[in-house]
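Undergrad: So here's query.csv (CSV, C-alpha atoms).
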chain,number,residue,atom,x,y,z
U,994,MET,CA,-8.8,21.8,-7.0
U,995,MET,CA,-5.1,22.8,-7.5
U,996,ILE,CA,-3.6,25.5,-5.2
U,997,ARG,CA,-0.4,27.0,-6.4
U,998,ALA,CA,1.3,29.4,-4.0
U,999,ILE,CA,4.3,31.5,-4.7
U,1000,VAL,CA,6.0,32.2,-1.4
U,1001,ARG,CA,9.3,33.5,0.0
U,1002,PRO,CA,11.9,30.7,0.1
U,1003,GLU,CA,12.6,31.3,3.8
U,1004,LYS,CA,8.9,30.8,4.6
U,1005,VAL,CA,8.6,27.4,2.9
U,1006,GLU,CA,9.5,25.3,6.0
U,1007,GLU,CA,7.0,27.2,8.1
U,1008,VAL,CA,4.2,26.8,5.6
U,1009,LYS,CA,5.1,23.1,5.2
U,1010,ALA,CA,5.0,22.5,8.9
U,1011,ALA,CA,1.7,24.3,9.3
U,1012,LEU,CA,0.1,22.4,6.4
U,1013,LEU,CA,1.3,19.1,8.0
U,1014,GLU,CA,-0.2,20.3,11.3
U,1015,ALA,CA,-3.5,21.0,9.5
U,1016,GLY,CA,-3.5,17.5,8.1
U,1017,TYR,CA,-2.2,18.1,4.6
U,1018,PRO,CA,1.2,16.4,4.2
U,1019,ALA,CA,1.1,16.2,0.4
U,1020,VAL,CA,2.9,19.1,-1.2
U,1021,THR,CA,5.2,19.6,-4.2
U,1022,LYS,CA,7.6,22.5,-4.3
U,1023,MET,CA,9.7,24.0,-7.1
U,1024,GLU,CA,12.1,26.9,-7.3
U,1025,VAL,CA,10.9,29.7,-9.5
U,1026,PHE,CA,12.0,33.2,-10.3
U,1027,GLY,CA,9.6,36.0,-10.8
U,1028,ARG,CA,8.5,39.6,-10.3
U,1029,GLY,CA,5.3,41.1,-9.2
U,1030,LYS,CA,3.4,44.4,-9.2
U,1031,GLN,CA,6.4,46.4,-8.0
U,1032,ARG,CA,8.4,45.3,-11.0
U,1033,GLY,CA,11.0,43.6,-8.9
U,1034,LEU,CA,13.2,45.1,-6.3
U,1035,LYS,CA,15.2,48.3,-6.8
U,1036,VAL,CA,18.4,48.7,-4.8
U,1037,GLY,CA,20.1,51.9,-5.7
U,1038,ASN,CA,20.5,51.9,-9.5
U,1039,VAL,CA,20.1,48.2,-9.9
U,1040,THR,CA,16.7,46.6,-10.4
U,1041,TYR,CA,16.3,42.9,-9.6
U,1042,ASP,CA,13.3,41.7,-11.6
U,1043,GLU,CA,13.9,38.0,-11.2
U,1044,LEU,CA,13.5,37.4,-7.5
U,1045,PRO,CA,13.9,33.8,-6.3
U,1046,LYS,CA,10.7,32.3,-4.9
U,1047,GLU,CA,9.4,28.9,-4.2
U,1048,MET,CA,6.2,27.6,-5.7
U,1049,LEU,CA,4.1,25.1,-3.6
U,1050,MET,CA,1.6,23.0,-5.4
U,1051,ILE,CA,-1.2,21.2,-3.5
U,1052,VAL,CA,-4.2,19.4,-4.9
U,1053,VAL,CA,-7.2,19.0,-2.6
U,1054,GLN,CA,-11.0,18.5,-2.6
U,1055,ASP,CA,-12.9,21.7,-3.2
U,1056,TYR,CA,-14.2,22.0,0.4
U,1057,GLU,CA,-10.6,21.9,1.8
U,1058,LYS,CA,-9.5,24.9,-0.2
U,1059,ASP,CA,-10.3,27.6,2.4
U,1060,VAL,CA,-8.3,25.8,5.2
U,1061,ILE,CA,-5.3,25.5,3.0
U,1062,VAL,CA,-5.5,29.1,1.7
U,1063,ARG,CA,-5.8,30.4,5.3
U,1064,THR,CA,-2.9,28.2,6.5
U,1065,ILE,CA,-0.7,29.5,3.7
U,1066,LEU,CA,-1.7,33.1,4.3
U,1067,GLU,CA,-1.1,33.0,8.0
U,1068,ASN,CA,2.3,31.4,7.6
U,1069,ALA,CA,3.8,33.0,4.5
U,1070,ARG,CA,3.1,36.6,5.5
U,1071,THR,CA,6.0,38.7,6.9
U,1072,GLY,CA,5.5,41.5,9.4
U,1073,GLU,CA,2.2,42.5,11.0
U,1074,LYS,CA,0.3,43.5,7.9
U,1075,GLY,CA,2.4,41.5,5.4
U,1076,SER,CA,4.7,43.2,3.0
U,1077,TYR,CA,5.5,43.4,-0.8
U,1078,GLY,CA,7.0,40.2,-2.1
U,1079,ASP,CA,5.1,37.8,0.3
U,1080,GLY,CA,3.7,36.1,-2.8
U,1081,LYS,CA,0.5,35.0,-4.4
U,1082,ILE,CA,-1.9,32.1,-4.3
U,1083,PHE,CA,-3.6,30.8,-7.4
U,1084,ILE,CA,-6.4,28.3,-7.5
U,1085,SER,CA,-7.4,26.3,-10.5
U,1086,PRO,CA,-9.8,23.4,-11.2
U,1087,VAL,CA,-8.5,19.8,-11.5
U,1088,GLU,CA,-10.8,17.4,-13.4
U,1089,GLU,CA,-9.2,14.1,-12.8
U,1090,VAL,CA,-6.6,12.7,-10.3
U,1091,TYR,CA,-4.9,9.3,-10.6
U,1092,THR,CA,-2.6,7.6,-8.1
U,1093,ILE,CA,0.1,5.8,-10.2
U,1094,SER,CA,1.0,3.2,-7.6
U,1095,SER,CA,-2.5,1.9,-7.3
U,1096,GLY,CA,-3.6,2.8,-10.8
U,1097,LEU,CA,-6.8,4.2,-9.4
U,1098,LYS,CA,-8.8,7.3,-10.2
U,1099,GLU,CA,-9.3,9.4,-7.0
U,1100,GLY,CA,-12.5,11.2,-5.9
E,1229,MET,CA,-7.8,20.9,-24.5
E,1230,LYS,CA,-6.5,19.5,-21.3
E,1231,GLU,CA,-3.3,19.7,-19.4
E,1232,VAL,CA,-2.1,16.4,-18.1
E,1233,MET,CA,0.4,17.0,-15.2
E,1234,ALA,CA,2.2,14.1,-13.7
E,1235,ILE,CA,4.6,13.8,-10.8
E,1236,ILE,CA,6.8,10.8,-11.3
E,1237,ARG,CA,10.0,9.2,-10.0
E,1238,MET,CA,13.3,10.7,-11.1
E,1239,ASN,CA,14.6,7.5,-12.6
E,1240,LYS,CA,11.4,7.0,-14.7
E,1241,ILE,CA,11.8,10.1,-16.8
E,1242,ASN,CA,13.6,8.5,-19.8
E,1243,ALA,CA,11.2,5.6,-20.0
E,1244,THR,CA,8.2,8.0,-19.8
E,1245,LYS,CA,9.7,10.2,-22.5
E,1246,SER,CA,10.1,7.4,-25.0
E,1247,ALA,CA,6.8,5.8,-24.1
E,1248,LEU,CA,5.0,9.1,-24.8
E,1249,VAL,CA,6.8,9.5,-28.1
E,1250,ASP,CA,5.9,6.0,-29.1
E,1251,ALA,CA,2.3,6.7,-28.2
E,1252,GLY,CA,2.3,9.8,-30.4
E,1253,PHE,CA,2.7,12.5,-27.9
E,1254,PRO,CA,6.1,14.1,-28.5
E,1255,ALA,CA,5.6,17.6,-27.0
E,1256,PHE,CA,6.6,17.6,-23.4
E,1257,THR,CA,7.7,19.9,-20.6
E,1258,ALA,CA,9.6,18.6,-17.5
E,1259,ASN,CA,10.7,20.1,-14.3
E,1260,ARG,CA,12.6,19.0,-11.3
E,1261,VAL,CA,10.5,19.4,-8.2
E,1262,MET,CA,10.5,18.3,-4.5
E,1263,GLY,CA,7.5,16.8,-2.9
E,1264,ARG,CA,5.8,14.5,-0.5
E,1265,GLY,CA,2.6,12.6,-0.5
E,1266,LYS,CA,-0.1,11.6,2.0
E,1267,LYS,CA,2.1,8.9,3.6
E,1268,ALA,CA,3.0,11.2,6.6
E,1269,LEU,CA,3.6,8.3,8.9
E,1270,ASP,CA,5.0,4.8,8.4
E,1271,LYS,CA,2.3,2.5,9.6
E,1272,GLU,CA,4.8,-0.3,10.5
E,1273,LEU,CA,6.7,2.1,12.6
E,1274,VAL,CA,3.6,3.3,14.5
E,1275,LYS,CA,2.6,-0.3,15.1
E,1276,ALA,CA,6.1,-1.1,16.4
E,1277,ILE,CA,5.9,1.8,18.8
E,1278,ASP,CA,2.4,0.8,20.0
E,1279,SER,CA,3.5,-2.7,20.7
E,1280,GLY,CA,6.6,-1.5,22.5
E,1281,ALA,CA,9.0,-3.2,20.1
E,1282,ILE,CA,11.0,0.0,19.8
E,1283,ASP,CA,11.3,2.9,22.1
E,1284,GLY,CA,9.0,5.7,21.0
E,1285,ALA,CA,11.0,8.5,22.7
E,1286,ASP,CA,13.8,8.0,20.2
E,1287,VAL,CA,11.7,8.0,17.0
E,1288,LEU,CA,8.8,10.3,17.9
E,1289,PRO,CA,10.7,13.6,17.4
E,1290,MET,CA,11.7,12.4,14.0
E,1291,ILE,CA,8.1,11.5,13.1
E,1292,ALA,CA,6.7,14.7,14.4
E,1293,ARG,CA,8.8,16.7,11.9
E,1294,GLY,CA,7.0,14.9,9.1
E,1295,PRO,CA,8.4,13.4,6.0
E,1296,SER,CA,11.0,15.5,4.2
E,1297,LEU,CA,10.5,16.4,0.6
E,1298,MET,CA,11.7,13.8,-2.0
E,1299,PRO,CA,13.1,14.8,-5.4
E,1300,LYS,CA,10.6,14.1,-8.2
E,1301,ARG,CA,10.0,15.0,-11.8
E,1302,LEU,CA,7.0,17.0,-12.8
E,1303,ILE,CA,5.9,16.5,-16.5
E,1304,SER,CA,3.2,18.4,-18.2
E,1305,LEU,CA,1.5,17.9,-21.6
E,1306,ILE,CA,-1.2,19.8,-23.3
E,1307,VAL,CA,-3.4,17.5,-25.3
E,1308,PRO,CA,-6.8,17.5,-27.1
E,1309,ASP,CA,-9.7,16.3,-24.9
E,1310,ASN,CA,-10.0,12.9,-26.6
E,1311,CYS,CA,-6.3,12.0,-26.0
E,1312,VAL,CA,-6.5,12.3,-22.2
E,1313,PRO,CA,-7.2,8.6,-21.5
E,1314,ASP,CA,-4.3,7.5,-23.8
E,1315,VAL,CA,-1.8,9.8,-22.1
E,1316,VAL,CA,-3.0,8.8,-18.7
E,1317,LYS,CA,-2.7,5.2,-19.6
E,1318,THR,CA,0.8,5.6,-21.1
E,1319,ILE,CA,2.1,7.4,-18.0
E,1320,MET,CA,0.4,5.0,-15.7
E,1321,ASP,CA,1.8,1.9,-17.5
E,1322,THR,CA,5.3,3.3,-17.6
E,1323,ASN,CA,5.5,4.5,-14.0
E,1324,LYS,CA,3.5,2.0,-12.0
E,1325,THR,CA,5.7,-0.1,-9.7
E,1326,GLY,CA,2.9,-0.6,-7.2
E,1327,ASN,CA,4.8,1.1,-4.3
E,1328,PRO,CA,3.9,4.4,-2.5
E,1329,GLY,CA,5.8,7.2,-4.2
E,1330,ASP,CA,5.0,6.3,-7.7
E,1331,GLY,CA,3.3,9.7,-8.1
E,1332,LYS,CA,0.1,11.4,-9.1
E,1333,ILE,CA,-1.5,12.4,-12.4
E,1334,PHE,CA,-3.7,15.6,-12.6
E,1335,VAL,CA,-5.9,16.5,-15.5
E,1336,MET,CA,-6.8,20.2,-15.8
E,1337,PRO,CA,-8.7,22.3,-18.3
E,1338,ILE,CA,-6.8,24.6,-20.7
E,1339,LEU,CA,-8.9,27.4,-22.2
E,1340,ASP,CA,-6.7,28.3,-25.1
E,1341,VAL,CA,-3.3,27.5,-26.7
E,1342,VAL,CA,-1.3,29.8,-29.0
E,1343,ARG,CA,1.7,28.6,-31.0
E,1344,VAL,CA,4.3,31.4,-30.8
E,1345,ARG,CA,6.0,30.7,-34.1
E,1346,THR,CA,2.8,31.1,-36.3
E,1347,GLY,CA,0.3,32.8,-33.9
E,1348,GLU,CA,-2.3,30.1,-34.6
E,1349,ALA,CA,-4.6,29.5,-31.7
E,1350,GLY,CA,-6.9,26.8,-30.5
E,1351,ILE,CA,-6.8,23.1,-31.3
E,1352,THR,CA,-4.5,23.4,-34.3
E,1353,ALA,CA,-1.8,24.8,-32.1
E,1354,VAL,CA,-1.5,21.3,-30.5
E,1355,ASP,CA,-1.9,19.3,-33.7
E,1356,GLU,CA,1.3,17.3,-33.0
E,1357,MET,CA,-0.4,15.8,-29.9
E,1358,SER,CA,-2.9,13.8,-31.9
E,1359,GLY,CA,-1.8,10.5,-30.6
E,1360,LYS,CA,-1.0,9.3,-34.2
E,1361,LYS,CA,2.4,7.8,-34.7
Could you show the structure in this file as structure tokens?
TA:
Amino acid sequence: MMIRAIVRPEKVEEVKAALLEAGYPAVTKMEVFGRGKQRGLKVGNVTYDELPKEMLMIVVQDYEKDVIVRTILENARTGEKGSYGDGKIFISPVEEVYTISSGLKEG
Amino acid sequence: MKEVMAIIRMNKINATKSALVDAGFPAFTANRVMGRGKKALDKELVKAIDSGAIDGADVLPMIARGPSLMPKRLISLIVPDNCVPDVVKTIMDTNKTGNPGDGKIFVMPILDVVRVRTGEAGITAVDEMSGKK
């Protein structure tokens, strides 16, 4: 199961540390630019509709999904109730996983 | 159709690119990413600390922070179902050094593909990925 989370760049280190704590060291991150439901950020007359975010990609067994999602939610949120721009988590199925160094199929 | 997503070493990208073209899979998307794998702790190091060969107090704070992210390349190809084993084998053969850090390959389902230029959808939109040279 692939979990892709788009989070605030400044929250990445926190999320990474929390995932490591929870026993999930493996993560891939990439810089992305995007906008959400609020159509970006409006400051005065200028609209920023390509906001910098980081995308974290984690592949885990199906039963581990909930722990990961909870860890990301708890650590990527800003403020008490969270705020706009905290990001999204997407989950998609993965059918096969191979480790290149061993040449083995996982799972 | 399936998406074959692979995370590989930076210096293997050119070899992988040409190997995939040679195998008949020219279409290709690549991205620079940062990542780390399951090897959170160096087993040799842990063993050395346990046996008292090196002083744990010096190294433990470094270990506790966990491994930092390493630069990797993420490549992604959309191929017809029957080509998945070929693509996986090609990537595996080109990137395997046998050491940790060689990367991972993920295979995921793709529901539909549309070619923007012509608007054609489905399997004909990825007809260049037939695996024929």
Undergrad: With only C-alpha atoms as the atoms that count, which of E:Asp1355, E:Asp1321, E:Asp1314, E:Glu1231 lies nearest to Pro1086 in chain U?
TA: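 Under the stated criterion, the closest residue is E:Glu1231.
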Undergrad: Could you write out as a ChimeraX atom specification the residues of chain E within 7 Å of chain U, counting all atoms listed in the file?
TA: /E:1261-1266,1268,1320,1323-1328,1330-1336
Undergrad: Can you write just those residues out, C-alpha atoms, as an mmCIF file, in the frame of the given file?
TA:
data_model
loop_
_atom_site.group_PDB
_atom_site.id
_atom_site.type_symbol
_atom_site.label_atom_id
_atom_site.label_comp_id
_atom_site.auth_asym_id
_atom_site.auth_seq_id
_atom_site.Cartn_x
_atom_site.Cartn_y
_atom_site.Cartn_z
ATOM 1 C CA VAL E 1261 10.500 19.400 -8.200
ATOM 2 C CA MET E 1262 10.500 18.300 -4.500
ATOM 3 C CA GLY E 1263 7.500 16.800 -2.900
ATOM 4 C CA ARG E 1264 5.800 14.500 -0.500
ATOM 5 C CA GLY E 1265 2.600 12.600 -0.500
ATOM 6 C CA LYS E 1266 -0.100 11.600 2.000
ATOM 7 C CA ALA E 1268 3.000 11.200 6.600
ATOM 8 C CA MET E 1320 0.400 5.000 -15.700
ATOM 9 C CA ASN E 1323 5.500 4.500 -14.000
ATOM 10 C CA LYS E 1324 3.500 2.000 -12.000
ATOM 11 C CA THR E 1325 5.700 -0.100 -9.700
ATOM 12 C CA GLY E 1326 2.900 -0.600 -7.200
ATOM 13 C CA ASN E 1327 4.800 1.100 -4.300
ATOM 14 C CA PRO E 1328 3.900 4.400 -2.500
ATOM 15 C CA ASP E 1330 5.000 6.300 -7.700
ATOM 16 C CA GLY E 1331 3.300 9.700 -8.100
ATOM 17 C CA LYS E 1332 0.100 11.400 -9.100
ATOM 18 C CA ILE E 1333 -1.500 12.400 -12.400
ATOM 19 C CA PHE E 1334 -3.700 15.600 -12.600
ATOM 20 C CA VAL E 1335 -5.900 16.500 -15.500
ATOM 21 C CA MET E 1336 -6.800 20.200 -15.800
#
Undergrad: Using only C-alpha atoms, which protein or nucleic acid residues come within 9 Å of Ile1241 in chain E? Drop anything in the same chain fewer than 6 positions from it, and give the result as a ChimeraX atom specification.
TA: /E:1258,1301,1303,1323
Undergrad: Measure the distance from CA of Ser1296 in chain E to CA of Ile1236 in chain E in Å and round it to one decimal.
TA: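 Spanning CA of Ser1296 in chain E to CA of Ile1236 in chain E is a straight-line distance of 16.7 Å.
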Undergrad: Can you pull out the residues contacting Arg1063 in chain U? Cut-off 12 Å, using all atoms listed in the file, and skip same-chain residues under 4 positions away; I want them as an MDAnalysis selection string.
TA: chainID U and resid 996 998 1008 1011:1012 1015 1057:1059 1067:1070 1082
Undergrad: Could you state the separation of CA of Ile1306 in chain E and CA of Gly1252 in chain E in Å, given to one decimal place?
TA: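 Rounded to one decimal, the two atoms are 12.8 Å apart.
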Undergrad: Kindly give the distance, in Å, that separates CA of Ser1304 in chain E and CA of Met1357 in chain E, rounded to a single decimal.
TA: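 Going from CA of Ser1304 in chain E over to CA of Met1357 in chain E, I get 12.5 Å.
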Undergrad: Looking at E:Lys1360, E:Val1307, E:Lys1245, E:Val1316, which one is nearest to Leu1339 in chain E, with distances taken over all atoms listed in the file?
TA: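 Of E:Lys1360, E:Val1307, E:Lys1245, E:Val1316, the one nearest Leu1339 in chain E, counting all atoms listed in the file, is E:Val1307.
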Undergrad: Skipping near chain neighbours, those fewer than 4 positions away, what residues fall within 8 Å of Pro1002 in chain U using all atoms listed in the file, listed as a ChimeraX atom specification?
TA: /U:1045-1047
Undergrad: Range 1010-1026 of chain U, all listed atoms, 3 Å padding on each side: what axis-aligned box centre and edge lengths in Å to one decimal come out, as lines of an AutoDock Vina configuration file?
TA:
center_x = 4.3
center_y = 24.7
center_z = 0.5
size_x = 21.6
size_y = 23.0
size_z = 27.6
